[in-house]
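What's in model.tsv: TSV, C-alpha atoms
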chain	number	residue	atom	x	y	z
A	26	MET	CA	-29.28	-6.11	6.53
A	27	ASP	CA	-28.02	-7.39	9.89
A	28	LEU	CA	-27.96	-4.06	11.69
A	29	ASP	CA	-29.38	-5.40	14.96
A	30	LYS	CA	-26.87	-8.24	14.91
A	31	CYS	CA	-24.10	-5.73	14.20
A	32	ILE	CA	-25.10	-3.43	17.08
A	33	LYS	CA	-25.22	-6.43	19.42
A	34	ALA	CA	-21.73	-7.53	18.32
A	35	LEU	CA	-20.53	-3.96	18.71
A	36	ARG	CA	-21.86	-3.78	22.29
A	37	ASN	CA	-20.07	-7.05	23.11
A	38	ALA	CA	-16.82	-5.84	21.55
A	39	ALA	CA	-17.09	-2.51	23.41
A	40	ALA	CA	-17.74	-4.30	26.71
A	41	ASP	CA	-14.80	-6.70	26.20
A	42	THR	CA	-12.48	-3.87	25.17
A	43	SER	CA	-13.57	-1.78	28.13
A	44	ASP	CA	-12.76	-4.63	30.52
A	45	LYS	CA	-9.24	-4.85	29.10
A	46	LEU	CA	-8.72	-1.11	28.61
A	47	PRO	CA	-10.77	0.89	31.13
A	48	GLY	CA	-11.50	4.53	30.40
A	49	LEU	CA	-12.72	4.26	26.80
A	50	ALA	CA	-16.01	5.73	25.57
A	51	PHE	CA	-17.84	4.35	22.53
A	52	TYR	CA	-20.33	6.12	20.28
A	53	LEU	CA	-22.26	5.49	17.09
A	54	PHE	CA	-22.28	8.35	14.62
A	55	GLY	CA	-23.01	8.92	10.94
A	56	SER	CA	-25.90	7.32	9.06
A	57	CYS	CA	-26.46	4.58	11.65
A	58	ALA	CA	-26.85	7.06	14.50
A	59	ARG	CA	-29.22	9.13	12.34
A	60	ASP	CA	-31.40	6.04	11.80
A	61	GLU	CA	-31.03	6.32	8.04
A	62	PRO	CA	-32.68	3.30	6.41
A	63	TRP	CA	-29.72	1.83	4.52
A	64	PRO	CA	-26.36	2.62	6.09
A	65	GLU	CA	-23.40	1.36	4.05
A	66	ASP	CA	-21.25	1.06	7.12
A	67	VAL	CA	-21.35	1.60	10.83
A	68	ASP	CA	-19.31	4.56	12.08
A	69	VAL	CA	-17.94	4.11	15.58
A	70	LEU	CA	-16.24	6.90	17.52
A	71	ILE	CA	-13.94	5.68	20.28
A	72	VAL	CA	-12.61	8.27	22.70
A	73	TYR	CA	-9.49	7.16	24.54
A	74	PRO	CA	-7.50	8.53	27.46
A	75	LEU	CA	-3.86	9.30	26.65
A	76	HIS	CA	-2.45	6.31	28.56
A	77	ILE	CA	-4.18	3.89	26.16
A	78	ASP	CA	-2.53	2.94	22.88
A	79	PRO	CA	-5.17	3.22	20.13
A	80	ARG	CA	-3.58	0.21	18.39
A	81	ALA	CA	-4.70	-2.00	21.29
A	82	VAL	CA	-8.25	-0.68	20.81
A	83	ARG	CA	-8.17	-1.45	17.08
A	84	ASP	CA	-6.80	-4.93	17.75
A	85	SER	CA	-9.62	-5.60	20.14
A	86	PHE	CA	-12.18	-4.85	17.40
A	87	THR	CA	-10.52	-6.99	14.72
A	88	ALA	CA	-12.97	-9.90	14.99
A	89	CYS	CA	-15.99	-7.58	14.92
A	90	MET	CA	-14.56	-5.72	11.91
A	91	ARG	CA	-14.26	-8.98	9.98
A	92	GLU	CA	-17.96	-9.66	10.35
A	93	PHE	CA	-19.45	-6.21	9.90
A	94	PRO	CA	-18.61	-3.07	7.93
A	95	LEU	CA	-17.38	-1.05	10.91
A	96	HIS	CA	-15.48	2.17	10.47
A	97	LEU	CA	-13.55	3.02	13.63
A	98	PHE	CA	-12.66	6.62	14.30
A	99	LEU	CA	-10.36	7.12	17.29
A	100	ALA	CA	-9.85	10.43	19.04
A	101	SER	CA	-8.13	11.24	22.31
A	102	ARG	CA	-10.25	12.78	25.07
A	103	GLN	CA	-8.58	16.12	24.42
A	104	GLU	CA	-9.24	15.97	20.66
A	105	ALA	CA	-12.85	14.95	21.25
A	106	ALA	CA	-13.38	17.78	23.73
A	107	GLU	CA	-11.57	20.46	21.68
A	108	HIS	CA	-13.56	19.65	18.57
A	109	ARG	CA	-16.83	18.83	20.37
A	110	LEU	CA	-16.96	15.60	18.44
A	111	VAL	CA	-19.77	13.96	20.38
A	112	GLU	CA	-22.07	17.00	20.17
A	113	LEU	CA	-21.31	18.06	16.61
A	114	GLN	CA	-21.55	14.54	15.19
A	115	ASN	CA	-24.73	13.85	17.18
A	116	ALA	CA	-22.98	10.73	18.39
A	117	VAL	CA	-24.99	8.24	20.41
A	118	ALA	CA	-23.29	6.46	23.33
A	119	ILE	CA	-22.95	2.69	23.04
A	120	THR	CA	-23.90	1.22	26.38
A	121	TRP	CA	-24.18	-2.29	27.72
A	122	ASN	CA	-25.44	-4.02	30.77
A	123	THR	CA	-22.57	-4.59	33.20
A	124	ALA	CA	-24.66	-6.60	35.67
A	125	THR	CA	-23.83	-10.07	34.38
B	28	MET	CA	-15.67	-13.87	6.59
B	29	ILE	CA	-17.22	-12.35	3.51
B	30	ASP	CA	-20.71	-13.81	3.84
B	31	TRP	CA	-22.14	-10.57	5.17
B	32	ILE	CA	-21.38	-8.53	2.05
B	33	PRO	CA	-24.64	-9.15	0.13
B	34	ASN	CA	-26.67	-8.36	3.27
B	35	TRP	CA	-25.19	-4.89	3.41
B	36	ILE	CA	-25.97	-3.85	-0.16
B	37	PRO	CA	-28.55	-1.16	0.55
B	38	LYS	CA	-31.88	-1.50	-1.20
B	39	LYS	CA	-31.63	2.19	-2.03
B	40	VAL	CA	-29.19	1.14	-4.79
B	41	SER	CA	-31.67	1.76	-7.55
B	42	GLY	CA	-32.90	-1.26	-9.41
B	43	VAL	CA	-29.93	-3.46	-8.56
B	44	TYR	CA	-30.75	-7.01	-7.52
B	45	ILE	CA	-28.56	-9.82	-6.29
B	46	VAL	CA	-29.15	-12.73	-8.67
B	47	GLU	CA	-26.40	-15.04	-7.49
B	48	ASN	CA	-24.73	-15.24	-4.14
B	49	ALA	CA	-22.14	-17.97	-4.18
B	50	LEU	CA	-19.23	-16.20	-2.60
B	51	PRO	CA	-16.64	-15.18	-3.61
B	52	ARG	CA	-18.85	-14.35	-6.59
B	53	ILE	CA	-21.88	-12.11	-6.30
B	54	VAL	CA	-23.81	-11.23	-9.43
B	55	PHE	CA	-25.98	-8.15	-9.56
B	56	ARG	CA	-28.47	-7.27	-12.27
B	57	GLN	CA	-29.71	-3.85	-13.21
B	58	GLU	CA	-32.20	-3.80	-16.05
B	59	ASN	CA	-30.40	-5.79	-18.76
B	60	GLU	CA	-26.95	-5.39	-17.31
B	61	THR	CA	-25.14	-8.14	-15.40
B	62	ILE	CA	-22.51	-7.02	-12.91
B	63	PRO	CA	-20.23	-9.79	-11.61
B	64	VAL	CA	-18.37	-8.96	-8.42
B	65	PHE	CA	-15.56	-10.87	-6.74
B	66	ALA	CA	-15.24	-10.76	-2.95
B	67	LEU	CA	-12.00	-10.78	-0.98
B	68	ASP	CA	-11.12	-10.52	2.69
B	69	GLN	CA	-7.57	-9.19	2.80
B	70	THR	CA	-5.76	-6.65	4.97
B	71	ARG	CA	-3.41	-6.14	2.02
B	72	VAL	CA	-4.66	-6.49	-1.56
B	73	THR	CA	-1.89	-7.31	-4.02
B	74	GLU	CA	-1.61	-7.67	-7.79
B	75	PHE	CA	-1.74	-11.44	-7.21
B	76	HIS	CA	-5.26	-11.18	-5.72
B	77	VAL	CA	-6.43	-9.11	-8.68
B	78	ARG	CA	-4.88	-11.48	-11.27
B	79	ASP	CA	-6.45	-14.42	-9.45
B	80	ALA	CA	-9.90	-12.79	-9.52
B	81	LEU	CA	-9.53	-11.81	-13.20
B	82	ALA	CA	-8.45	-15.33	-14.13
B	83	ILE	CA	-11.59	-16.79	-12.54
B	84	HIS	CA	-14.02	-14.21	-13.93
B	85	ARG	CA	-13.03	-12.62	-17.21
B	86	ASP	CA	-16.14	-10.44	-17.22
B	87	LEU	CA	-15.47	-9.09	-13.75
B	88	ARG	CA	-16.62	-5.53	-13.00
B	89	PHE	CA	-15.65	-5.04	-9.36
B	90	ILE	CA	-13.50	-6.63	-6.64
B	91	VAL	CA	-14.90	-5.87	-3.21
B	92	ASN	CA	-12.77	-6.31	-0.11
B	93	ALA	CA	-14.55	-7.10	3.15
B	94	THR	CA	-11.66	-5.78	5.24
B	95	LYS	CA	-12.07	-2.13	6.15
B	96	GLU	CA	-9.14	0.27	5.97
B	97	ALA	CA	-7.01	-2.24	4.08
B	98	LEU	CA	-3.84	-1.55	2.13
B	99	TYR	CA	-4.18	-1.83	-1.66
B	100	ASP	CA	-0.84	-2.12	-3.47
B	101	GLY	CA	-0.21	0.29	-6.32
B	102	ASP	CA	0.23	-2.63	-8.73
B	103	ALA	CA	-3.20	-3.99	-7.79
B	104	LEU	CA	-4.76	-0.55	-8.28
B	105	GLY	CA	-2.92	-0.08	-11.57
B	106	LEU	CA	-4.04	-3.44	-12.94
B	107	CYS	CA	-7.65	-2.73	-11.99
B	108	GLU	CA	-7.43	0.70	-13.60
B	109	GLN	CA	-6.01	-0.84	-16.78
B	110	GLN	CA	-8.69	-3.56	-16.87
B	111	LYS	CA	-11.44	-1.05	-15.93
B	112	VAL	CA	-12.40	-3.11	-12.90
B	113	GLY	CA	-13.43	-1.40	-9.68
B	114	LEU	CA	-11.61	-2.24	-6.47
B	115	GLY	CA	-12.48	-1.23	-2.92
B	116	GLU	CA	-14.61	-1.59	0.16
B	117	LEU	CA	-18.34	-2.15	0.38
B	118	GLY	CA	-19.11	1.59	0.31
B	119	GLU	CA	-17.17	1.91	-2.93
B	120	LEU	CA	-19.05	-1.06	-4.42
B	121	VAL	CA	-22.34	0.62	-3.50
B	122	SER	CA	-21.21	3.88	-5.15
B	123	PHE	CA	-20.13	1.90	-8.22
B	124	LEU	CA	-23.47	0.09	-8.50
B	125	ASP	CA	-25.41	3.30	-7.99
B	126	GLY	CA	-23.21	5.48	-10.17
B	127	THR	CA	-24.33	6.95	-13.48
B	128	PRO	CA	-22.03	6.48	-15.25
B	129	ARG	CA	-20.25	3.81	-13.26
B	130	ASN	CA	-16.68	4.73	-12.45
B	131	HIS	CA	-14.17	2.04	-11.61
B	132	ILE	CA	-11.80	4.42	-9.82
B	133	GLN	CA	-12.72	5.31	-6.24
B	134	ARG	CA	-14.21	8.76	-5.72
B	135	ASP	CA	-11.50	9.84	-3.24
B	136	ALA	CA	-8.71	8.69	-5.56
B	137	ARG	CA	-10.35	10.39	-8.56
B	138	PHE	CA	-10.36	13.69	-6.67
B	139	VAL	CA	-6.70	13.37	-5.65
B	140	LEU	CA	-5.46	12.24	-9.07
B	141	ARG	CA	-7.46	14.81	-11.00
B	142	SER	CA	-6.59	17.79	-8.84
B	143	LEU	CA	-2.88	16.98	-8.71
B	144	ARG	CA	-2.59	16.06	-12.40
B	145	GLN	CA	-4.25	19.34	-13.38
B	146	HIS	CA	-1.66	21.40	-11.52
B	147	SER	CA	0.76	23.17	-13.85
B	148	LEU	CA	3.82	22.20	-11.76
B	149	VAL	CA	2.98	18.50	-11.80
B	150	GLU	CA	4.35	16.17	-14.46
B	151	SER	CA	2.86	12.89	-13.24
B	152	VAL	CA	1.13	11.25	-10.32
B	153	THR	CA	1.27	7.54	-9.54
B	154	ARG	CA	-0.06	5.50	-6.64
B	155	GLU	CA	2.24	3.46	-4.40
B	156	ASN	CA	-0.82	2.25	-2.53
B	157	ASN	CA	-4.35	3.50	-1.92
B	158	ARG	CA	-3.18	6.37	0.31
B	159	MET	CA	0.38	7.04	-0.86
B	160	TYR	CA	0.79	9.12	-4.04
B	161	VAL	CA	4.10	9.82	-5.76
B	162	VAL	CA	4.06	13.28	-7.32
B	163	ARG	CA	6.73	14.07	-9.90
B	164	CYS	CA	7.08	17.76	-10.59
B	165	ARG	CA	8.33	19.42	-13.77
B	166	SER	CA	11.24	20.71	-11.68
B	167	HIS	CA	12.33	17.01	-11.36
B	168	SER	CA	11.42	17.11	-7.70
B	169	LYS	CA	9.59	14.03	-6.44
B	170	MET	CA	7.41	13.86	-3.34
B	171	ARG	CA	5.58	11.02	-1.63
B	172	VAL	CA	2.30	12.24	-0.21
B	173	LEU	CA	0.24	10.33	2.33
B	174	VAL	CA	-3.32	11.46	1.67
B	175	LEU	CA	-5.84	11.30	4.52
B	176	HIS	CA	-9.53	11.77	3.77
B	177	ASP	CA	-10.74	12.11	7.34
B	178	TYR	CA	-13.04	14.99	8.27
B	179	LEU	CA	-10.99	15.44	11.42
B	180	VAL	CA	-7.35	14.38	11.17
B	181	THR	CA	-6.41	13.10	14.63
B	182	ALA	CA	-3.16	11.82	16.13
B	183	ASP	CA	-4.48	8.30	15.51
B	184	SER	CA	-5.22	9.10	11.83
B	185	VAL	CA	-1.58	10.16	11.45
B	186	ARG	CA	0.02	7.27	13.35
B	187	ASN	CA	-2.26	4.66	11.81
B	188	GLY	CA	-1.67	6.14	8.35
B	189	LEU	CA	2.11	6.00	8.74
B	190	GLU	CA	2.01	2.44	10.07
B	191	THR	CA	-0.33	1.11	7.40
B	192	PHE	CA	0.67	3.02	4.29
B	193	GLY	CA	4.32	3.97	4.86
B	194	VAL	CA	6.35	7.07	5.61
B	195	PRO	CA	5.93	9.93	3.10
B	196	ASN	CA	7.65	13.28	2.60
B	197	VAL	CA	4.45	15.00	3.65
B	198	ILE	CA	0.94	14.19	4.88
B	199	ALA	CA	-2.00	15.96	3.24
B	200	LYS	CA	-5.61	16.28	4.31
B	201	ALA	CA	-7.77	15.99	1.20
B	202	ASN	CA	-11.14	16.58	2.84
B	203	PRO	CA	-11.87	20.33	2.52
B	204	ASN	CA	-14.14	20.21	5.57
B	205	GLY	CA	-13.10	19.65	9.16
B	206	THR	CA	-9.66	20.29	10.54
B	207	ILE	CA	-6.35	18.89	11.80
B	208	THR	CA	-6.00	18.53	15.57
B	209	ASN	CA	-2.98	19.87	17.46
B	210	GLU	CA	-2.22	16.31	18.57
B	211	ALA	CA	-2.18	15.21	14.92
B	212	MET	CA	0.32	17.99	14.15
B	213	ASP	CA	2.45	16.84	17.10
B	214	ALA	CA	2.26	13.20	16.02
B	215	ALA	CA	3.44	14.16	12.53
B	216	LYS	CA	6.16	16.43	13.92
B	217	SER	CA	7.53	13.63	16.10
B	218	ALA	CA	7.92	11.59	12.89
B	219	GLY	CA	9.71	14.54	11.24
B	220	LEU	CA	6.67	15.37	9.09
B	221	GLU	CA	3.91	17.92	8.79
B	222	VAL	CA	0.23	17.67	7.94
B	223	LEU	CA	-0.82	20.08	5.19
B	224	THR	CA	-4.24	21.12	4.00
B	225	TRP	CA	-4.91	20.58	0.29
B	226	ALA	CA	-4.18	24.24	-0.48
B	227	GLU	CA	-0.92	24.09	1.48
B	228	LEU	CA	0.07	20.94	-0.39
B	229	PHE	CA	-0.35	22.77	-3.70
B	230	ARG	CA	1.77	25.66	-2.46
B	231	SER	CA	4.48	23.18	-1.39
B	232	LEU	CA	4.76	21.74	-4.91
B	233	SER	CA	7.25	24.44	-5.86
B	234	LYS	CA	9.58	23.25	-3.10
B	235	GLN	CA	12.49	20.94	-3.98
B	236	TRP	CA	11.59	17.70	-2.15
B	237	THR	CA	14.08	15.13	-3.47
Mind turning the file's structure into structure tokens?
Amino acid sequence: MDLDKCIKALRNAAADTSDKLPGLAFYLFGSCARDEPWPEDVDVLIVYPLHIDPRAVRDSFTACMREFPLHLFLASRQEAAEHRLVELQNAVAITWNTAT
Amino acid sequence: MIDWIPNWIPKKVSGVYIVENALPRIVFRQENETIPVFALDQTRVTEFHVRDALAIHRDLRFIVNATKEALYDGDALGLCEQQKVGLGELGELVSFLDGTPRNHIQRDARFVLRSLRQHSLVESVTRENNRMYVVRCRSHSKMRVLVLHDYLVTADSVRNGLETFGVPNVIAKANPNGTITNEAMDAAKSAGLEVLTWAELFRSLSKQWT
């Protein structure tokens, strides 16, 4: 399983998307975030501000989704806050080094 | 880009081994059973793709599609059902390989079809695609239902569902857990629709839709 490779690709895709569409937050959740040994897919929560069209976010992940079994779940900031998505899903923030 | 599929078959899948990996064909073996699988990478899976796969491998057991959240035409699903061949994403292939007994219809679809077909007001249920169900009631009313399986139905679930799978008479949330956000309700309302829970969908069956 290429989980490390997948996480690396995910970080790159998140960084690229964030450059184009500032204000997004990216999280891993589900079996991958729980460190389960054999995840069938990689669940990614993307929280977007209302001025961003979620379709643009999906489009930005197309290449990454063709290489890895990513499942994107998009919620607006308000939806994420109202339903405490990050806390209740024990989602882990996807971060990357911006000092390049 | 389907090369990654065999790498993501979890080893927890009991006693299943990959014995051949020459994509688009992957062959698994479990005890004395051989399980040929055909791999696709399509945003929309049509009857043509299924016929093509069946023509190449007559003993085919499953067609796995590398593209997540793809659209599967009703004709493709119907042909697979008729031929008893599984069709779906990687997760569905894993469930198929690990299932006892193996079931070629996806778990989510089995739930939807079974629960609707068992309802006394329902005459028949067919699939227009993997998320759109056409329910014909005994009252001669017909409704197209977009079924979402998300734990939390968000505005994006609704908009993405409508764009990918088509415009229904009603949207229904099949997952009994979780909820529907206010923004999802608003997104549906702006399209002239509403999002119902599974129980609400059943209550709405007595309504004259078309």
Which chain A residues have any atom within 12 Å of an atom of chain B, and for each, what is the nearest pair of atoms with distance in Å to one decimal, counting only C-alpha atoms, rows sorted by chain and number, as a tab-separated table?
residue	atom	partner	partner_atom	distance
A:Met26	CA	B:Asn34	CA	4.7
A:Asp27	CA	B:Asn34	CA	6.8
A:Leu28	CA	B:Trp35	CA	8.8
A:Lys30	CA	B:Trp31	CA	11.1
A:Cys31	CA	B:Trp31	CA	10.4
A:Gly55	CA	B:Tyr178	CA	12.0
A:Glu61	CA	B:Pro37	CA	10.9
A:Pro62	CA	B:Pro37	CA	8.4
A:Trp63	CA	B:Pro37	CA	5.1
A:Pro64	CA	B:Pro37	CA	7.1
A:Glu65	CA	B:Gly118	CA	5.7
A:Asp66	CA	B:Gly118	CA	7.2
A:Val67	CA	B:Trp35	CA	10.6
A:Asp68	CA	B:Lys95	CA	11.5
A:Leu70	CA	B:Leu179	CA	11.7
A:Ile71	CA	B:Asp183	CA	10.9
A:Val72	CA	B:Asp183	CA	10.9
A:Tyr73	CA	B:Asp183	CA	10.4
A:Leu75	CA	B:Glu210	CA	10.8
A:Ile77	CA	B:Asp183	CA	11.5
A:Asp78	CA	B:Asp183	CA	9.3
A:Pro79	CA	B:Asp183	CA	6.9
A:Arg80	CA	B:Asn187	CA	8.1
A:Ala81	CA	B:Asp183	CA	11.8
A:Val82	CA	B:Asp183	CA	11.1
A:Arg83	CA	B:Asn187	CA	10.0
A:Phe86	CA	B:Lys95	CA	11.6
A:Thr87	CA	B:Thr94	CA	9.6
A:Ala88	CA	B:Met28	CA	9.7
A:Cys89	CA	B:Met28	CA	10.4
A:Met90	CA	B:Lys95	CA	7.2
A:Arg91	CA	B:Met28	CA	6.1
A:Glu92	CA	B:Met28	CA	6.1
A:Phe93	CA	B:Trp31	CA	7.0
A:Pro94	CA	B:Lys95	CA	6.8
A:Leu95	CA	B:Lys95	CA	7.2
A:His96	CA	B:Lys95	CA	7.0
A:Leu97	CA	B:Lys95	CA	9.2
A:Phe98	CA	B:Ser184	CA	8.2
A:Leu99	CA	B:Asp183	CA	6.3
A:Ala100	CA	B:Thr181	CA	6.2
A:Ser101	CA	B:Ala182	CA	8.0
A:Arg102	CA	B:Glu210	CA	10.9
A:Gln103	CA	B:Glu210	CA	8.6
A:Glu104	CA	B:Thr208	CA	6.6
A:Ala105	CA	B:Thr181	CA	9.4
A:Ala106	CA	B:Thr208	CA	11.0
A:Glu107	CA	B:Thr208	CA	8.5
A:His108	CA	B:Thr208	CA	8.2
A:Arg109	CA	B:Leu179	CA	11.2
A:Leu110	CA	B:Leu179	CA	9.2
A:Leu113	CA	B:Gly205	CA	11.2
A:Gln114	CA	B:Tyr178	CA	11.0
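Here the question is which of B:Pro51, B:Val162, B:Asn157, B:His167 gets nearest to Arg137 (chain B) using all atoms listed in the file, and that residue is B:Asn157.
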- Interatomic distance (Å, one decimal) between CA of Glu221 (chain B) and CA of Ala201 (chain B): 14.1 Å
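For the set B:Met212, B:Val149, B:Val43, B:Leu173, the residue with the smallest atom-to-atom gap to Leu232 (chain B) is B:Val149, counting all atoms listed in the file.
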- Query: Can you list, as a PyMOL selection string, every protein, DNA or RNA residue that comes within 9 Å of region 141-148 of chain B when you count only C-alpha atoms, leaving out same-chain residues fewer than 2 positions away?
  - Reply: chain B and resi 136-139+150-152+162-166+229+232-233
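Relative to CA of Ile90 (chain B), CA of Ala38 (chain A) is found at 28.4 Å.
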- Pairwise distance, CA of Thr191 (chain B) with CA of Gly219 (chain B), equals 17.2 Å
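Those residues positioned at most 12 Å from (-10.5, -13.6, -13.2) are Pro51, Arg52, Pro63, Val64, Phe65, Ala66, Glu74, Phe75, His76, Val77, Arg78, Asp79, Ala80, Leu81, Ala82, Ile83, His84, Arg85, Asp86, Leu87, Arg88, Phe89, Ile90, Cys107, Gln110 and Val112 of chain B, judged using all atoms listed in the file.
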